[in-house]
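**Student:** I have a structure I would like to understand better, so I am pasting it below and will then ask my questions one at a time.
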Amino acid sequence: MKKTILLAAYAAAFGVASASTDTLTLVRQLDEVVINAPVAQVTNNHTKLSSDELNQSNTGQNLPFLLSSTPALIATSDDGLGIGYTYFRIRGTDHTRINMTLNDVPLNDSESQTVFWVNMTDMASSMTSLNVQRGVGTSTNGSASFGASINMESRDKRVESRDESSYELAFNGGMYNTFREMINAHIVLPNQWRANARFSKVNSDGFLYRTASDLYSYYGDLGWYGAKTEVVGRFFGGSEKTGMGWDGVDYNTAYGINGADRRYNPAGSYTVTDSQGNDSTAYYDNQTDNYAQQHAQLSINHRFNSQWSLSATAHYTHGAGYYEQFKRKKLSYWGIPSSEKTYGMYRKNLDNHFYGAILSAKYLSEPLDLQLGMAAHHYLGDHFGTLHYLANSPSPISNRPYPYEYYRNSANKIDANTYAKL
């Protein structure tokens, strides 16, 4: 009965020639509908931040968190506070496909293709500007900008500060024993010489247990600024010791469901058996990541006239460090021919060098903007593992002194490129 009434109403509304409870035949003609939608000719996919904008909310968090208000950018961290290891995505693309440069020098690691901001803590305090280009871009140096480009300029390019010396001292503190101390100086010297210097110290216990961070970084430059020529040397870097927080937890723990402790961190856990045969869980107190990196850049810029300019930069980066773990594994993991399992304390080490040169020329005359450039870079990296302790040390390694090196790999990468932009 309900079906018959519904079909009758449908037929009356749409002019149905014949209707029954089984079949409908529509004969009503509809006029053509044309939908016009304007196509955007210009898209705003750039965000440029000045030094003041970058440092407005700078309380010691690493750069990805200072950019968290940038459209289409999402920042995450291992420790839950943005002090230790931090990561970001732009339009869903992770940082391994984002081209990052500082003064046109590539920052992306040649092997992992990313930037580990944890050993460059508080770098924003030494930047004069940062430009984010979202989406596929035309990178000039370094890795391809598949997802985005982030181009940074250091403090020595802050023209408005060159006429007088200035000094800055900053202290910040927050929850989970988070503290930041920073001293910054811009010094005007005789005969057109200028210098900048900064030292930052950041410490935090982290939101997750055992994810404490002990970080420091520095920046310094010395430059001569003539009427048409500038020569600047820059030295910057930092060091970090950070508790591991990247092992992950289940859904309930992550969101504190059913009374779960959201600060729980499984890294470094191991089982202890007492004299009564009862098992309990303990945590290795040095399950940490340790790394230091130093950068050096020498740049020469010369302006021939109002249209033509030339820039050349040589750079060198050295990084070394390790992460330490205490885990139960098969002895074969450490290169010992046995399937027996035991707890071992081991380190995975790396020692790398990255150096190269960049040359670029620009011609600017309205409406023409021409850029030409070339670059060459060389990367050398050593990876090696060292075993420092085995619980219930078995006989196969009794004649091998600690630390015992159980693997070594080497990387050698050379890349060069040329580009033209019009």
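Each chain in the structure tokens gets a letter, A, B, ..., in the order shown, and its residues are numbered from 1; ligands are numbered from 1 in order too.
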Identify, with DSSP run on backbone atoms, the residues in range 141-351 of chain A assigned to alpha helix (DSSP H), and express the list as a count of residues only.
**Tutor:** 5
**Student:** Considering only C-alpha atoms, return as a list in words whatever protein or nucleic-acid residues lie within 12 Å of Tyr251 in chain A, sequence-local ones (same chain, fewer than 4 positions apart) excluded.
**Tutor:**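 In the requested form, the answer reads Tyr255, Gly256, Ile257, Asn258, Ala260, Asp261 and Arg262 of chain A.
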**Student:** Print the selection's residues with N, CA, C and O atoms to a file, as a compact mmCIF listing (two decimals), in the first residue's frame.
**Tutor:**
```
# COMPACT_ATOMS: atom_id res chain seq x y z
N TYR A 255 46.14 7.37 23.25
CA TYR A 255 45.04 8.29 23.56
C TYR A 255 44.56 8.17 25.02
O TYR A 255 43.53 8.75 25.37
N GLY A 256 45.28 7.43 25.84
CA GLY A 256 44.93 7.33 27.26
C GLY A 256 43.61 6.66 27.52
O GLY A 256 42.89 7.02 28.46
N ILE A 257 43.25 5.66 26.74
CA ILE A 257 41.96 4.97 26.87
C ILE A 257 42.07 3.87 27.93
O ILE A 257 43.10 3.20 28.05
N ASN A 258 41.01 3.71 28.69
CA ASN A 258 40.93 2.69 29.74
C ASN A 258 42.04 2.86 30.79
O ASN A 258 42.62 1.88 31.27
N ALA A 260 45.04 4.02 30.42
CA ALA A 260 46.42 3.85 29.96
C ALA A 260 47.22 5.13 30.17
O ALA A 260 46.70 6.24 30.06
N ASP A 261 48.49 4.98 30.47
CA ASP A 261 49.38 6.11 30.71
C ASP A 261 49.91 6.61 29.37
O ASP A 261 50.70 5.92 28.71
N ARG A 262 49.50 7.81 28.97
CA ARG A 262 49.91 8.35 27.67
C ARG A 262 51.40 8.65 27.60
O ARG A 262 51.95 8.80 26.51
```
**Student:** Might you pull out every residue within 12 Å of Glu168 in chain A, with only C-alpha atoms counted and same-chain residues fewer than 2 positions away left off, and present them as a PyMOL selection string?
**Tutor:** chain A and resi 125-126+165-166+170-171+181-187+196-200
**Student:** Grab the residues selected above and save them as a PDB file, in the first residue's frame with C-alpha atoms.
**Tutor:**
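For reference, again31.pdb as written:
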```
ATOM      1  CA  SER A 125      67.352  32.604  16.251  1.00  0.00           C
ATOM      2  CA  SER A 126      70.059  32.929  13.579  1.00  0.00           C
ATOM      3  CA  SER A 165      75.648  46.703  17.419  1.00  0.00           C
ATOM      4  CA  SER A 166      72.942  44.880  19.332  1.00  0.00           C
ATOM      5  CA  ALA A 170      66.642  35.181  26.362  1.00  0.00           C
ATOM      6  CA  PHE A 171      65.373  32.629  28.904  1.00  0.00           C
ATOM      7  CA  GLU A 181      68.841  29.877  27.338  1.00  0.00           C
ATOM      8  CA  MET A 182      70.103  31.941  24.408  1.00  0.00           C
ATOM      9  CA  ILE A 183      72.615  34.733  23.930  1.00  0.00           C
ATOM     10  CA  ASN A 184      72.820  36.575  20.614  1.00  0.00           C
ATOM     11  CA  ALA A 185      75.059  39.397  19.416  1.00  0.00           C
ATOM     12  CA  HIS A 186      75.381  41.542  16.297  1.00  0.00           C
ATOM     13  CA  ILE A 187      78.662  43.459  16.290  1.00  0.00           C
ATOM     14  CA  ASN A 196      77.151  37.795  14.448  1.00  0.00           C
ATOM     15  CA  ALA A 197      77.346  35.230  17.221  1.00  0.00           C
ATOM     16  CA  ARG A 198      74.811  33.051  19.060  1.00  0.00           C
ATOM     17  CA  PHE A 199      74.827  30.219  21.561  1.00  0.00           C
ATOM     18  CA  SER A 200      71.693  28.321  22.646  1.00  0.00           C
TER      19      SER A 200
END
```
**Student:** For range 230-276 of chain A against range 325-329 of chain A, with a cut-off of 8 Å and counting only C-alpha atoms, what is the closest atom pair and its distance in Å to one decimal for every residue that makes the cut, ordered by chain and number, as a Markdown table?
**Tutor:**
```
| residue | atom | partner | partner_atom | distance |
| --- | --- | --- | --- | --- |
| A:Gly268 | CA | A:Phe326 | CA | 6.1 |
| A:Ser269 | CA | A:Lys327 | CA | 7.9 |
| A:Tyr270 | CA | A:Lys327 | CA | 7.0 |
```
**Student:** Emit the selected residues as a compact mmCIF listing (two decimals), in the first residue's frame, including all heavy atoms.
**Tutor:**
```
# COMPACT_ATOMS: atom_id res chain seq x y z
N GLY A 268 63.95 0.68 25.48
CA GLY A 268 64.90 0.31 26.53
C GLY A 268 64.40 -0.68 27.54
O GLY A 268 65.11 -0.98 28.51
N SER A 269 63.20 -1.23 27.34
CA SER A 269 62.66 -2.19 28.31
C SER A 269 63.35 -3.55 28.19
O SER A 269 63.69 -3.99 27.09
CB SER A 269 61.15 -2.35 28.12
OG SER A 269 60.88 -2.89 26.84
N TYR A 270 63.56 -4.20 29.32
CA TYR A 270 64.10 -5.55 29.33
C TYR A 270 63.58 -6.27 30.57
O TYR A 270 63.06 -5.66 31.51
CB TYR A 270 65.63 -5.54 29.30
CG TYR A 270 66.31 -4.90 30.49
CD1 TYR A 270 66.75 -5.67 31.56
CD2 TYR A 270 66.52 -3.52 30.53
CE1 TYR A 270 67.38 -5.09 32.65
CE2 TYR A 270 67.14 -2.92 31.62
CZ TYR A 270 67.58 -3.71 32.68
OH TYR A 270 68.20 -3.13 33.75
```
**Student:** Find the residues around Glu324 in chain A up to 7 Å (only C-alpha atoms counted), leave out those fewer than 4 positions away in its own chain, and share them as a PyMOL selection string.
**Tutor:** chain A and resi 286-289+346-348
**Student:** Could you write those residues out with C-alpha atoms, as a compact mmCIF listing (two decimals), in the first residue's frame?
**Tutor:**
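Output saved as again10.txt:
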```txt
# COMPACT_ATOMS: atom_id res chain seq x y z
CA ASN A 286 71.08 5.14 28.36
CA GLN A 287 68.82 4.20 25.44
CA THR A 288 69.83 7.43 23.69
CA ASP A 289 70.69 9.05 20.39
CA TYR A 346 75.47 -2.04 21.24
CA ARG A 347 75.88 1.16 19.27
CA LYS A 348 75.21 2.03 15.65
```
